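One file, entry-v1.txt, is given below (compact mmCIF, C-alpha atoms).
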```
# COMPACT_ATOMS: atom_id res chain seq x y z
CA MET A 19 75.73 -23.72 -97.56
CA PRO A 20 75.10 -19.97 -98.16
CA ALA A 21 71.36 -20.69 -98.47
CA GLU A 22 71.44 -22.61 -95.21
CA GLN A 23 73.23 -19.72 -93.50
CA ALA A 24 70.69 -17.19 -94.80
CA ALA A 25 67.82 -19.39 -93.58
CA ALA A 26 69.47 -19.78 -90.18
CA GLU A 27 69.93 -16.01 -89.82
CA ALA A 28 66.30 -15.40 -90.87
CA GLU A 29 65.15 -17.75 -88.12
CA GLY A 30 67.45 -16.15 -85.56
CA ARG A 31 69.54 -19.28 -85.00
CA ARG A 32 73.24 -19.88 -85.38
CA LEU A 33 74.96 -22.42 -87.60
CA PRO A 34 76.99 -25.19 -85.92
CA TRP A 35 80.63 -24.22 -85.24
CA TRP A 36 81.95 -26.68 -87.81
CA ARG A 37 79.76 -25.06 -90.50
CA ASN A 38 81.30 -21.69 -89.66
CA ILE A 39 84.78 -23.19 -90.00
CA LEU A 40 83.88 -24.59 -93.42
CA LEU A 41 82.52 -21.19 -94.49
CA PHE A 42 85.70 -19.49 -93.31
CA LEU A 43 87.85 -21.97 -95.25
CA ALA A 44 85.70 -21.39 -98.34
CA VAL A 45 86.23 -17.61 -98.09
CA LEU A 46 89.92 -17.86 -97.03
CA GLY A 47 92.39 -16.72 -99.65
CA PRO A 48 92.39 -13.11 -100.89
CA GLY A 49 93.37 -11.52 -97.55
CA LEU A 50 96.03 -14.06 -96.58
CA ILE A 51 97.54 -14.21 -100.07
CA THR A 52 97.68 -10.43 -100.55
CA ALA A 53 99.30 -9.85 -97.16
CA SER A 54 101.77 -12.73 -97.65
CA VAL A 55 102.94 -11.43 -101.03
CA ASP A 56 103.61 -8.16 -99.24
CA ASN A 57 106.77 -9.89 -97.96
CA ASP A 58 108.24 -10.12 -101.45
CA ALA A 59 111.89 -9.80 -102.50
CA GLY A 60 111.75 -6.01 -102.18
CA GLY A 61 110.13 -6.31 -98.77
CA ILE A 62 112.61 -8.91 -97.52
CA THR A 63 115.47 -6.74 -98.80
CA THR A 64 114.03 -3.68 -97.03
CA TYR A 65 113.58 -5.56 -93.74
CA SER A 66 117.06 -7.11 -94.04
CA LEU A 67 118.65 -3.69 -94.59
CA ALA A 68 116.60 -2.20 -91.74
CA GLY A 69 117.88 -4.88 -89.35
CA SER A 70 121.50 -4.84 -90.57
CA ARG A 71 121.79 -1.03 -90.60
CA TYR A 72 119.71 -0.01 -87.58
CA GLY A 73 119.49 -3.15 -85.47
CA TYR A 74 116.19 -3.18 -83.59
CA ASP A 75 115.58 0.58 -83.90
CA LEU A 76 112.79 0.19 -86.48
CA LEU A 77 110.92 -2.65 -84.74
CA TRP A 78 108.51 -0.24 -83.03
CA THR A 79 107.16 0.83 -86.43
CA LEU A 80 105.67 -2.62 -87.04
CA ILE A 81 102.96 -2.11 -84.38
CA PRO A 82 101.32 0.99 -85.94
CA ILE A 83 102.05 -0.40 -89.42
CA THR A 84 100.11 -3.59 -88.58
CA VAL A 85 97.11 -1.62 -87.30
CA ALA A 86 97.15 0.59 -90.39
CA LEU A 87 97.56 -2.43 -92.69
CA ILE A 88 94.53 -4.17 -91.16
CA VAL A 89 92.39 -1.03 -91.52
CA VAL A 90 93.43 -0.36 -95.13
CA GLN A 91 93.10 -3.98 -96.26
CA GLU A 92 89.72 -4.33 -94.54
CA MET A 93 88.51 -1.26 -96.42
CA SER A 94 89.57 -2.77 -99.76
CA ALA A 95 87.91 -6.10 -99.06
CA ARG A 96 84.72 -4.41 -97.82
CA MET A 97 84.44 -2.25 -100.93
CA GLY A 98 84.91 -5.33 -103.12
CA VAL A 99 82.24 -7.32 -101.29
CA VAL A 100 79.67 -4.51 -101.14
CA THR A 101 80.09 -3.04 -104.64
CA GLY A 102 81.20 -6.12 -106.60
CA LYS A 103 83.72 -3.85 -108.38
CA GLY A 104 87.48 -3.41 -108.33
CA LEU A 105 89.13 -0.27 -106.95
CA ALA A 106 90.22 0.98 -110.39
CA ASP A 107 86.62 0.54 -111.60
CA LEU A 108 85.31 2.68 -108.75
CA ILE A 109 87.95 5.38 -109.23
CA ARG A 110 87.16 5.61 -112.97
CA GLU A 111 83.40 5.78 -112.36
CA ASN A 112 83.64 8.42 -109.63
CA PHE A 113 86.69 10.54 -110.53
CA GLY A 114 87.00 10.19 -114.29
CA VAL A 115 89.28 8.57 -116.86
CA LYS A 116 92.03 11.22 -116.67
CA VAL A 117 92.65 10.69 -112.94
CA THR A 118 92.50 6.92 -113.41
CA PHE A 119 95.01 7.11 -116.27
CA TRP A 120 97.66 8.93 -114.23
CA ILE A 121 97.19 6.63 -111.26
CA SER A 122 97.62 3.67 -113.62
CA VAL A 123 100.85 5.12 -115.03
CA ALA A 124 102.28 5.64 -111.54
CA LEU A 125 101.27 2.16 -110.42
CA ILE A 126 102.73 0.53 -113.55
CA VAL A 127 106.07 2.27 -112.94
CA ALA A 128 106.11 1.28 -109.26
CA ASN A 129 105.04 -2.29 -109.97
CA LEU A 130 107.56 -2.75 -112.76
CA GLY A 131 110.26 -1.91 -110.22
CA ASN A 132 108.68 -4.44 -107.86
CA VAL A 133 108.61 -7.17 -110.53
CA ILE A 134 112.28 -6.52 -111.32
CA ALA A 135 112.91 -6.92 -107.59
CA GLU A 136 111.15 -10.31 -107.59
CA PHE A 137 113.28 -11.72 -110.40
CA ALA A 138 116.39 -10.27 -108.75
CA GLY A 139 115.29 -12.17 -105.63
CA VAL A 140 114.90 -15.41 -107.60
CA ALA A 141 118.39 -14.95 -109.07
CA ALA A 142 120.00 -14.09 -105.72
CA SER A 143 118.39 -16.99 -103.82
CA LEU A 144 119.33 -19.63 -106.42
CA GLN A 145 122.86 -18.28 -106.92
CA ILE A 146 123.51 -19.31 -103.32
CA PHE A 147 122.86 -22.91 -104.46
CA GLY A 148 124.99 -22.51 -107.60
CA VAL A 149 122.22 -21.93 -110.18
CA PRO A 150 123.26 -19.27 -112.76
CA VAL A 151 121.09 -16.21 -113.42
CA TRP A 152 120.65 -17.01 -117.13
CA LEU A 153 118.90 -20.25 -116.11
CA SER A 154 116.99 -19.31 -112.96
CA VAL A 155 115.29 -16.10 -114.17
CA PRO A 156 113.90 -17.38 -117.52
CA ALA A 157 112.76 -20.63 -115.84
CA ALA A 158 110.94 -18.67 -113.13
CA ALA A 159 109.32 -16.34 -115.70
CA VAL A 160 108.06 -19.26 -117.81
CA GLY A 161 106.82 -21.11 -114.70
CA VAL A 162 104.88 -18.09 -113.44
CA TRP A 163 103.42 -17.42 -116.90
CA LEU A 164 102.20 -21.01 -117.32
CA LEU A 165 100.75 -21.08 -113.80
CA VAL A 166 98.45 -18.14 -114.49
CA LEU A 167 97.76 -18.71 -118.18
CA LYS A 168 96.82 -22.39 -117.82
CA GLY A 169 95.19 -22.34 -114.39
CA SER A 170 91.75 -21.33 -113.11
CA TYR A 171 91.24 -18.86 -110.27
CA ARG A 172 90.60 -21.74 -107.86
CA SER A 173 93.73 -23.72 -108.82
CA VAL A 174 95.96 -20.61 -108.82
CA GLU A 175 94.61 -19.58 -105.42
CA LYS A 176 95.39 -23.03 -103.97
CA PHE A 177 98.98 -22.73 -105.20
CA PHE A 178 99.26 -19.27 -103.63
CA LEU A 179 97.90 -20.52 -100.29
CA VAL A 180 100.52 -23.29 -100.21
CA ALA A 181 103.23 -20.74 -101.02
CA SER A 182 101.98 -18.57 -98.14
CA ALA A 183 102.69 -21.39 -95.68
CA PHE A 184 106.40 -21.42 -96.57
CA TYR A 185 106.90 -18.00 -94.98
CA LEU A 186 107.17 -19.91 -91.70
CA VAL A 187 110.84 -20.49 -92.57
CA TYR A 188 111.63 -16.95 -91.37
CA PRO A 189 110.45 -17.42 -87.77
CA VAL A 190 112.39 -20.71 -87.79
CA SER A 191 115.46 -18.90 -89.13
CA LEU A 192 115.03 -16.34 -86.34
CA ALA A 193 115.42 -19.11 -83.74
CA PHE A 194 118.97 -19.74 -84.98
CA SER A 195 119.96 -16.08 -84.52
CA LYS A 196 119.45 -16.19 -80.72
CA PRO A 197 118.49 -12.52 -80.11
CA ASP A 198 118.41 -10.75 -76.76
CA TRP A 199 114.64 -10.89 -76.23
CA MET A 200 114.63 -8.21 -73.52
CA GLU A 201 116.34 -5.82 -75.91
CA VAL A 202 113.90 -6.81 -78.68
CA ALA A 203 110.91 -6.16 -76.40
CA ARG A 204 112.30 -2.77 -75.37
CA ALA A 205 112.89 -1.69 -78.99
CA THR A 206 109.41 -2.88 -80.00
CA ALA A 207 107.67 -0.95 -77.22
CA LEU A 208 109.76 2.24 -77.18
CA PRO A 209 109.99 4.31 -80.42
CA ARG A 210 113.46 5.34 -81.56
CA PHE A 211 113.75 8.02 -84.22
CA HIS A 212 116.74 9.39 -86.16
CA ALA A 213 116.33 12.75 -87.90
CA ASP A 214 118.38 11.93 -90.99
CA SER A 215 117.28 11.32 -94.58
CA GLN A 216 118.55 7.70 -94.69
CA TYR A 217 116.53 6.70 -91.63
CA VAL A 218 113.43 8.53 -92.89
CA GLY A 219 113.90 6.91 -96.32
CA MET A 220 114.12 3.48 -94.66
CA LEU A 221 111.03 4.25 -92.57
CA ILE A 222 109.07 5.24 -95.69
CA GLY A 223 110.36 2.08 -97.37
CA MET A 224 109.14 -0.01 -94.39
CA VAL A 225 105.65 1.48 -94.65
CA GLY A 226 105.70 1.40 -98.46
CA THR A 227 106.64 -2.27 -98.62
CA THR A 228 104.19 -3.28 -95.86
CA ILE A 229 101.20 -1.22 -97.05
CA ALA A 230 101.88 -1.20 -100.78
CA PRO A 231 99.46 0.53 -103.21
CA TRP A 232 99.18 -2.55 -105.47
CA MET A 233 97.77 -4.57 -102.56
CA GLN A 234 94.57 -2.55 -102.39
CA PHE A 235 93.87 -3.07 -106.09
CA TYR A 236 94.73 -6.78 -106.07
CA LEU A 237 92.80 -7.62 -102.89
CA GLN A 238 89.63 -5.88 -104.05
CA SER A 239 89.83 -7.53 -107.50
CA ALA A 240 90.47 -10.96 -105.94
CA VAL A 241 87.48 -10.58 -103.60
CA VAL A 242 85.29 -9.64 -106.57
CA GLU A 243 86.57 -12.51 -108.76
CA LYS A 244 86.05 -15.00 -105.94
CA GLY A 245 82.44 -13.82 -105.63
CA ILE A 246 82.35 -13.27 -101.84
CA LYS A 247 78.92 -12.03 -100.74
CA VAL A 248 77.97 -9.55 -98.04
CA GLU A 249 76.53 -12.27 -95.81
CA HIS A 250 79.98 -13.92 -95.69
CA TYR A 251 81.91 -10.73 -95.12
CA ARG A 252 82.77 -11.47 -91.49
CA PHE A 253 84.79 -14.46 -92.70
CA SER A 254 86.52 -12.29 -95.30
CA ARG A 255 87.40 -9.82 -92.54
CA MET A 256 88.93 -12.67 -90.50
CA ASP A 257 90.95 -13.67 -93.58
CA VAL A 258 92.27 -10.10 -93.92
CA ILE A 259 93.17 -9.72 -90.23
CA ALA A 260 94.93 -13.10 -90.08
CA GLY A 261 96.94 -12.27 -93.20
CA CYS A 262 98.03 -8.86 -91.89
CA ILE A 263 99.18 -10.26 -88.54
CA VAL A 264 101.09 -13.14 -90.14
CA THR A 265 102.86 -10.92 -92.68
CA ASP A 266 104.09 -8.49 -90.04
CA LEU A 267 105.25 -11.33 -87.78
CA VAL A 268 107.40 -12.48 -90.71
CA ALA A 269 108.71 -8.91 -91.15
CA PHE A 270 109.46 -8.81 -87.39
CA ALA A 271 111.39 -12.10 -87.66
CA ILE A 272 113.54 -10.82 -90.54
CA VAL A 273 114.41 -7.51 -88.83
CA VAL A 274 115.27 -9.27 -85.55
CA ALA A 275 117.32 -12.01 -87.23
CA CYS A 276 119.41 -9.47 -89.15
CA GLY A 277 119.66 -7.14 -86.17
CA ALA A 278 120.81 -9.94 -83.83
CA THR A 279 123.50 -11.15 -86.24
CA LEU A 280 124.56 -8.73 -88.98
CA TYR A 281 124.12 -5.48 -87.04
CA LYS A 282 125.80 -6.88 -83.93
CA ALA A 283 128.75 -8.09 -86.01
CA GLY A 284 128.98 -4.83 -87.97
CA VAL A 285 128.34 -6.63 -91.28
CA GLN A 286 127.01 -4.37 -94.04
CA VAL A 287 124.84 -5.98 -96.71
CA GLU A 288 123.08 -4.54 -99.74
CA THR A 289 120.67 -7.34 -100.71
CA ALA A 290 118.58 -10.07 -99.10
CA GLY A 291 120.80 -12.62 -100.87
CA GLN A 292 123.89 -11.16 -99.23
CA ALA A 293 122.04 -11.22 -95.92
CA ALA A 294 121.36 -14.94 -96.37
CA LEU A 295 125.05 -15.65 -97.09
CA ALA A 296 126.22 -13.46 -94.22
CA LEU A 297 123.95 -15.29 -91.77
CA GLU A 298 125.81 -18.59 -92.23
CA PRO A 299 128.94 -17.84 -90.15
CA LEU A 300 126.88 -15.91 -87.60
CA ALA A 301 123.77 -18.07 -87.16
CA GLY A 302 124.67 -21.33 -88.88
CA ARG A 303 124.22 -22.97 -92.28
CA TYR A 304 120.59 -23.92 -91.68
CA ALA A 305 119.62 -20.33 -90.89
CA SER A 306 121.24 -19.23 -94.15
CA TRP A 307 119.53 -21.98 -96.17
CA LEU A 308 116.13 -21.24 -94.64
CA PHE A 309 116.55 -17.52 -95.33
CA SER A 310 117.52 -18.29 -98.95
CA PHE A 311 114.61 -20.68 -99.46
CA GLY A 312 112.22 -18.10 -98.02
CA LEU A 313 113.59 -15.50 -100.44
CA LEU A 314 113.09 -17.87 -103.40
CA ASN A 315 109.53 -18.71 -102.37
CA ALA A 316 108.64 -15.05 -101.76
CA SER A 317 110.18 -13.92 -105.05
CA PHE A 318 108.46 -16.57 -107.20
CA PHE A 319 105.17 -16.05 -105.37
CA ALA A 320 105.23 -12.26 -105.81
CA ALA A 321 106.46 -12.52 -109.42
CA ALA A 322 103.09 -14.17 -110.13
CA ILE A 323 100.93 -11.78 -108.08
CA LEU A 324 102.39 -8.36 -108.92
CA PRO A 325 101.93 -8.57 -112.71
CA LEU A 326 98.42 -9.90 -111.98
CA SER A 327 97.60 -6.89 -109.83
CA THR A 328 98.90 -4.56 -112.55
CA ALA A 329 96.87 -6.31 -115.25
CA TYR A 330 93.77 -6.22 -113.03
CA TYR A 331 93.76 -2.51 -112.34
CA VAL A 332 94.79 -1.38 -115.83
CA CYS A 333 92.01 -3.48 -117.38
CA GLU A 334 89.49 -2.24 -114.81
CA ALA A 335 90.62 1.34 -115.40
CA PHE A 336 89.85 1.13 -119.11
CA GLY A 337 86.85 -1.18 -118.93
CA TRP A 338 88.56 -4.24 -120.44
CA GLU A 339 87.74 -7.81 -119.46
CA SER A 340 90.04 -9.26 -116.81
CA GLY A 341 90.41 -12.32 -114.59
CA VAL A 342 92.31 -15.59 -114.31
CA ASP A 343 89.09 -17.51 -115.03
CA LYS A 344 88.71 -15.76 -118.38
CA LYS A 345 89.98 -17.48 -121.54
CA TYR A 346 92.64 -15.75 -123.63
CA GLY A 347 90.11 -14.83 -126.30
CA GLU A 348 87.85 -13.20 -123.68
CA ALA A 349 90.59 -11.08 -122.03
CA ARG A 350 93.39 -10.50 -124.54
CA GLN A 351 94.50 -7.17 -123.00
CA PHE A 352 94.65 -8.77 -119.55
CA TYR A 353 96.95 -11.59 -120.63
CA TRP A 354 99.09 -9.38 -122.88
CA LEU A 355 99.68 -6.96 -120.01
CA TYR A 356 100.54 -9.82 -117.69
CA THR A 357 102.98 -11.34 -120.20
CA SER A 358 104.61 -8.00 -121.08
CA ILE A 359 105.34 -7.11 -117.45
CA LEU A 360 106.85 -10.56 -116.83
CA VAL A 361 109.08 -10.35 -119.93
CA VAL A 362 110.30 -6.81 -119.19
CA GLY A 363 111.00 -7.62 -115.52
CA ALA A 364 112.98 -10.76 -116.40
CA LEU A 365 114.97 -9.06 -119.18
CA VAL A 366 116.00 -6.16 -116.93
CA VAL A 367 117.45 -8.56 -114.36
CA LEU A 368 119.40 -10.38 -117.09
CA TRP A 369 120.92 -7.08 -118.25
CA PRO A 370 124.49 -6.95 -116.86
CA ASN A 371 125.69 -4.39 -114.30
CA LEU A 372 122.32 -2.78 -113.61
CA PRO A 373 121.97 -1.34 -110.05
CA LEU A 374 119.30 -3.84 -108.99
CA VAL A 375 119.50 -3.00 -105.28
CA ARG A 376 118.91 0.67 -105.98
CA ILE A 377 115.96 -0.22 -108.23
CA MET A 378 114.49 -2.43 -105.48
CA LEU A 379 114.82 0.17 -102.73
CA VAL A 380 113.58 3.02 -104.92
CA SER A 381 110.51 0.95 -105.86
CA GLN A 382 109.67 0.55 -102.16
CA ILE A 383 110.09 4.30 -101.53
CA VAL A 384 107.92 5.06 -104.60
CA ASN A 385 105.28 2.76 -103.07
CA GLY A 386 105.44 4.79 -99.86
CA VAL A 387 105.17 8.11 -101.70
CA LEU A 388 102.26 6.86 -103.85
CA LEU A 389 100.34 5.31 -100.94
CA PRO A 390 98.76 8.55 -99.55
CA PHE A 391 97.19 9.35 -102.92
CA ILE A 392 95.61 5.89 -103.16
CA LEU A 393 94.38 6.12 -99.57
CA VAL A 394 92.72 9.48 -100.25
CA PHE A 395 90.71 8.00 -103.14
CA MET A 396 89.81 4.93 -101.06
CA LEU A 397 88.60 7.08 -98.17
CA LEU A 398 86.54 9.32 -100.40
CA LEU A 399 84.92 6.26 -101.99
CA ILE A 400 84.27 4.23 -98.85
CA ASN A 401 82.61 7.18 -97.10
CA ARG A 402 80.09 7.82 -99.89
CA THR A 403 76.68 6.61 -98.83
CA LYS A 404 75.49 6.06 -102.42
CA ILE A 405 78.36 3.59 -102.93
CA MET A 406 78.65 1.85 -99.55
CA GLY A 407 75.33 2.52 -97.81
CA GLU A 408 75.43 1.21 -94.24
CA TRP A 409 78.86 -0.33 -94.92
CA ARG A 410 80.70 2.99 -95.07
CA ASN A 411 83.57 3.70 -92.65
CA GLY A 412 83.16 4.31 -88.94
CA ARG A 413 85.11 6.89 -86.93
CA PHE A 414 87.92 4.55 -85.88
CA PHE A 415 88.67 3.37 -89.41
CA ASN A 416 88.58 6.94 -90.72
CA ALA A 417 90.89 8.14 -87.94
CA VAL A 418 93.49 5.40 -88.58
CA ALA A 419 93.34 5.67 -92.39
CA TRP A 420 93.47 9.49 -92.49
CA GLY A 421 96.19 9.44 -89.85
CA THR A 422 98.27 7.03 -91.96
CA THR A 423 97.75 9.26 -95.00
CA PHE A 424 98.90 12.45 -93.25
CA ILE A 425 101.88 10.72 -91.61
CA MET A 426 103.06 9.39 -95.01
CA ILE A 427 102.68 12.85 -96.55
CA GLY A 428 104.72 14.32 -93.67
CA LEU A 429 107.45 11.68 -93.95
CA THR A 430 107.66 12.13 -97.72
CA ALA A 431 108.01 15.91 -97.32
CA TRP A 432 110.70 15.35 -94.68
CA LEU A 433 112.57 12.99 -97.00
CA VAL A 434 112.50 15.54 -99.85
CA VAL A 435 113.66 18.41 -97.59
CA SER A 436 116.38 16.25 -95.99
CA GLY A 437 117.59 15.12 -99.41
CA ILE A 438 117.84 18.73 -100.65
CA ARG A 439 119.61 19.76 -97.44
CA ASP A 440 122.14 16.91 -97.74
CA LEU A 441 122.70 17.78 -101.41
CA VAL A 442 123.37 21.45 -100.60
CA ALA A 443 125.67 20.49 -97.70
CA SER A 444 127.76 18.25 -99.94
```

Starting from the file, give its structure as structure tokens.
Amino acid sequence: MPAEQAAAEAEGRRLPWWRNILLFLAVLGPGLITASVDNDAGGITTYSLAGSRYGYDLLWTLIPITVALIVVQEMSARMGVVTGKGLADLIRENFGVKVTFWISVALIVANLGNVIAEFAGVAASLQIFGVPVWLSVPAAAVGVWLLVLKGSYRSVEKFFLVASAFYLVYPVSLAFSKPDWMEVARATALPRFHADSQYVGMLIGMVGTTIAPWMQFYLQSAVVEKGIKVEHYRFSRMDVIAGCIVTDLVAFAIVVACGATLYKAGVQVETAGQAALALEPLAGRYASWLFSFGLLNASFFAAAILPLSTAYYVCEAFGWESGVDKKYGEARQFYWLYTSILVVGALVVLWPNLPLVRIMLVSQIVNGVLLPFILVFMLLLINRTKIMGEWRNGRFFNAVAWGTTFIMIGLTAWLVVSGIRDLVAS
């Protein structure tokens, strides 16, 4: 089919519409999967807390966040298609091993917090159905490990695409909450800002969980491993855009559902699991069950992807073999990293009396603080003619990406100053 497309383009004719659909389906995967995993246990917790604590006040942020997410994800996919290399590879080649090492350390720390959040999400969602933590977490860890270790890239990707479809339970759950749609529309269109450290921290968490640093590394590595070529890039771009829109619609549904029920009733929750339980008397049993099932699906799904993204970029950073299609003997470091992160994440959740909610929220804020640094490297790389040629960034993409970077730096500085001010005041 690629040869036929190339011949058609050479002759100045277009392929039939059904051929284009088949090409799109063949390319579909990396963009949709990466964006869907963005709504992991930490993300669902962040959106649940945003809705329960601030009602609809943070809905407006999802519009600029979606635009920024599309731009950033498109940049990652484009660099993967054009260069055939992962982001960590490009950073090492262009900025040196020392810079790559420290970025890897920061990403490992942030992602370990994210993986802990995923297993905490598995435990919380299954506890609602009476499954104890000592059973649910080890079973999930073993299941995720076998899925990646025994599968090929193609089979693992199919599983992830099916898992992506289950995020539809959140819009369905939203229907049970019966929000005031005029109020929702007003809050979405008109920005509302609170100049306190908790609100700014939640705002950074919203951005950090929606445009997470790990996503850029995973998406670019997945595009490279799938072998998407430049001539098919327009289909890859469609995959990215569709994924970004879907993931933020899910985030919108969670914030609105919690705002319409928990915030209105004055119910304070600390976790997504508590949010699911609290929804039952306010929106009905089915809303609670759907929310819980969505949390389980998201947590299991992300528990597979996040260690993969970590293993990808660490191996790329140090020039080791990596990839789900590689045998254990061909990529020992890759599989050992993957296994170690899974084991540590699961063991931490099984440790009694650990402040899991704090770990989850801090990991999202760390993502937000780390994001500007990753964006700076991406922008420097994607604007280099010797790397990207005619595929380098245009003015619009540069404006949005640099704007996102400076806004995140400003918000982070505000959070630090506000935190010091609150500490001195107390």

Can you write out as JSON lines which residues of stretch 208-287 of chain A fall within 10 Å of stretch 314-331 of chain A, alongside each residue's closest atom pair and its distance in Å to one decimal, counting all atoms listed in the file and ordering rows by chain and ascending residue number?
```
{"residue": "A:Trp232", "atom": "CA", "partner": "A:Ser327", "partner_atom": "CA", "distance": 6.4}
{"residue": "A:Met233", "atom": "CA", "partner": "A:Ser327", "partner_atom": "CA", "distance": 7.6}
{"residue": "A:Gln234", "atom": "CA", "partner": "A:Ser327", "partner_atom": "CA", "distance": 9.1}
{"residue": "A:Phe235", "atom": "CA", "partner": "A:Tyr331", "partner_atom": "CA", "distance": 6.3}
{"residue": "A:Tyr236", "atom": "CA", "partner": "A:Ser327", "partner_atom": "CA", "distance": 4.7}
{"residue": "A:Leu237", "atom": "CA", "partner": "A:Ser327", "partner_atom": "CA", "distance": 8.5}
{"residue": "A:Gln238", "atom": "CA", "partner": "A:Tyr331", "partner_atom": "CA", "distance": 9.9}
{"residue": "A:Ser239", "atom": "CA", "partner": "A:Tyr330", "partner_atom": "CA", "distance": 6.9}
{"residue": "A:Ala240", "atom": "CA", "partner": "A:Ser327", "partner_atom": "CA", "distance": 9.1}
```

Of the listed residues A:Ala138, A:Leu393, A:Val174, A:Ile222, that which approaches A:Ala158 most closely, counting all atoms listed in the file: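 The shortest atom-to-atom distance to A:Ala158 comes from A:Ala138.
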
Counting all atoms listed in the file, the option among A:Gly223, A:Gly104, A:Pro34, A:Gly61 closest to A:Met396: A:Gly104

Could you give me, as number ranges by chain, the residues within 7 Å of A:Leu67, counting only C-alpha atoms and dropping anything in the same chain fewer than 3 positions from it? A: 63-64, 70-71, 287-288

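If only C-alpha atoms are the atoms counted, then among A:Ala181, A:Met97, A:Ala278, A:Leu368 the closest residue to A:Pro150 is A:Leu368.
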
Would you compute the box with edges along x, y and z of the file around stretch 272-289 of chain A, including every atom the file lists for it and 4 Å extra on each side, and give its centre and edge lengths in Å to one decimal, as lines of an AutoDock Vina configuration file?
```
center_x = 121.3
center_y = -8.2
center_z = -92.3
size_x = 23.4
size_y = 15.6
size_z = 24.9
```

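Of the residues under consideration (A:Cys333, A:Val85, A:Ala275, A:Leu105), A:Ala275 shows the shortest atom-to-atom contact distance to A:Val190 when counting only C-alpha atoms.
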
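Atom CA of A:Thr265 is found 25.3 Å from atom CA of A:Gly428.
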
Please provide as an MDAnalysis selection string all residues within 10 Å of A:Gly102, with the sequence filter that same-chain residues fewer than 2 positions apart are discarded (counting all atoms listed in the file). chainID A and resid 96:100 104:105 107:108 238:239 241:243 245:248

Residues within 12 Å of (114.2, -18.9, -88.2), counting all atoms listed in the file, listed as number ranges by chain: A: 184-197, 267-276, 278, 294, 297, 301-312

(105.0, 7.4, -111.9) in this file's frame - what residues fall within 12 Å of it? Use all atoms listed in the file and give the answer as a PyMOL selection string. chain A and resi 119-131+380-381+383-385+387-388

Can you work out the spacing between atom CA of A:Thr357 and atom CA of A:Leu179 in Å, to one decimal?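 Answer for the atom CA of A:Thr357 to atom CA of A:Leu179 separation: 22.5 Å.
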
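Taking atom CA of A:Tyr281 and atom CA of A:Gly69 as endpoints, the distance between them is 6.7 Å.
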
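Among the candidates A:Gly337, A:Gly49, A:Gly277, A:Gly73, the one nearest to A:Glu111 when counting only C-alpha atoms is A:Gly337.
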
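Of the listed residues A:Val264, A:Val367, A:Leu221, A:Ile109, the one whose atoms come nearest to A:Gly139 is A:Val367, with distances taken using all atoms listed in the file.
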
Can you list, as a count of residues only, every protein, DNA or RNA residue that comes within 12 Å of A:Arg410 when you count only C-alpha atoms, leaving out same-chain residues fewer than 2 positions away? 25

Tell me, as an MDAnalysis selection string, which residues lie within 9 Å of A:Val394, counting all atoms listed in the file; anything in the same chain fewer than 6 positions away does not count. chainID A and resid 419:420 423

Quick one: write out the picked residues with C-alpha atoms as a PDB file, in the frame of the given file?
```
ATOM      1  CA  ALA A 419      93.340   5.670 -92.390  1.00  0.00           C
ATOM      2  CA  TRP A 420      93.470   9.490 -92.490  1.00  0.00           C
ATOM      3  CA  THR A 423      97.750   9.260 -95.000  1.00  0.00           C
TER       4      THR A 423
END
```

For A:Thr84, list every protein, DNA or RNA residue within 10 Å, evaluated using all atoms listed in the file, and leave out those in the same chain fewer than 2 positions away; present the list as a list in words.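 Here the answer would be Thr79, Leu80, Ile81, Pro82, Ala86, Leu87, Ile88, Val89, Val90, Val225, Thr228, Ile229, Ile259, Cys262, Ile263, Val264, Thr265, Asp266 and Leu267 of chain A.
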
For stretch 202-226 of chain A of the block above, can you save C-alpha atoms as a PDB file, in the first residue's frame?
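As a result, part.pdb now contains:
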```
ATOM      1  CA  VAL A 202     -20.691  24.630  32.634  1.00  0.00           C
ATOM      2  CA  ALA A 203     -20.572  26.607  29.369  1.00  0.00           C
ATOM      3  CA  ARG A 204     -20.003  29.866  31.244  1.00  0.00           C
ATOM      4  CA  ALA A 205     -17.144  28.412  33.317  1.00  0.00           C
ATOM      5  CA  THR A 206     -15.551  26.885  30.204  1.00  0.00           C
ATOM      6  CA  ALA A 207     -15.626  30.163  28.253  1.00  0.00           C
ATOM      7  CA  LEU A 208     -14.795  32.635  31.041  1.00  0.00           C
ATOM      8  CA  PRO A 209     -11.486  32.183  32.945  1.00  0.00           C
ATOM      9  CA  ARG A 210     -11.659  32.227  36.738  1.00  0.00           C
ATOM     10  CA  PHE A 211      -8.423  32.620  38.675  1.00  0.00           C
ATOM     11  CA  HIS A 212      -7.640  32.422  42.402  1.00  0.00           C
ATOM     12  CA  ALA A 213      -4.356  33.932  43.602  1.00  0.00           C
ATOM     13  CA  ASP A 214      -3.580  31.316  46.254  1.00  0.00           C
ATOM     14  CA  SER A 215      -0.934  28.584  46.316  1.00  0.00           C
ATOM     15  CA  GLN A 216      -3.456  25.701  46.442  1.00  0.00           C
ATOM     16  CA  TYR A 217      -5.249  26.883  43.304  1.00  0.00           C
ATOM     17  CA  VAL A 218      -1.959  27.530  41.483  1.00  0.00           C
ATOM     18  CA  GLY A 219      -0.692  24.104  42.596  1.00  0.00           C
ATOM     19  CA  MET A 220      -3.873  22.500  41.245  1.00  0.00           C
ATOM     20  CA  LEU A 221      -3.512  24.450  37.985  1.00  0.00           C
ATOM     21  CA  ILE A 222       0.087  23.261  37.583  1.00  0.00           C
ATOM     22  CA  GLY A 223      -1.099  19.737  38.390  1.00  0.00           C
ATOM     23  CA  MET A 224      -3.795  20.016  35.684  1.00  0.00           C
ATOM     24  CA  VAL A 225      -1.220  21.042  33.083  1.00  0.00           C
ATOM     25  CA  GLY A 226       1.360  18.570  34.390  1.00  0.00           C
TER      26      GLY A 226
END
```
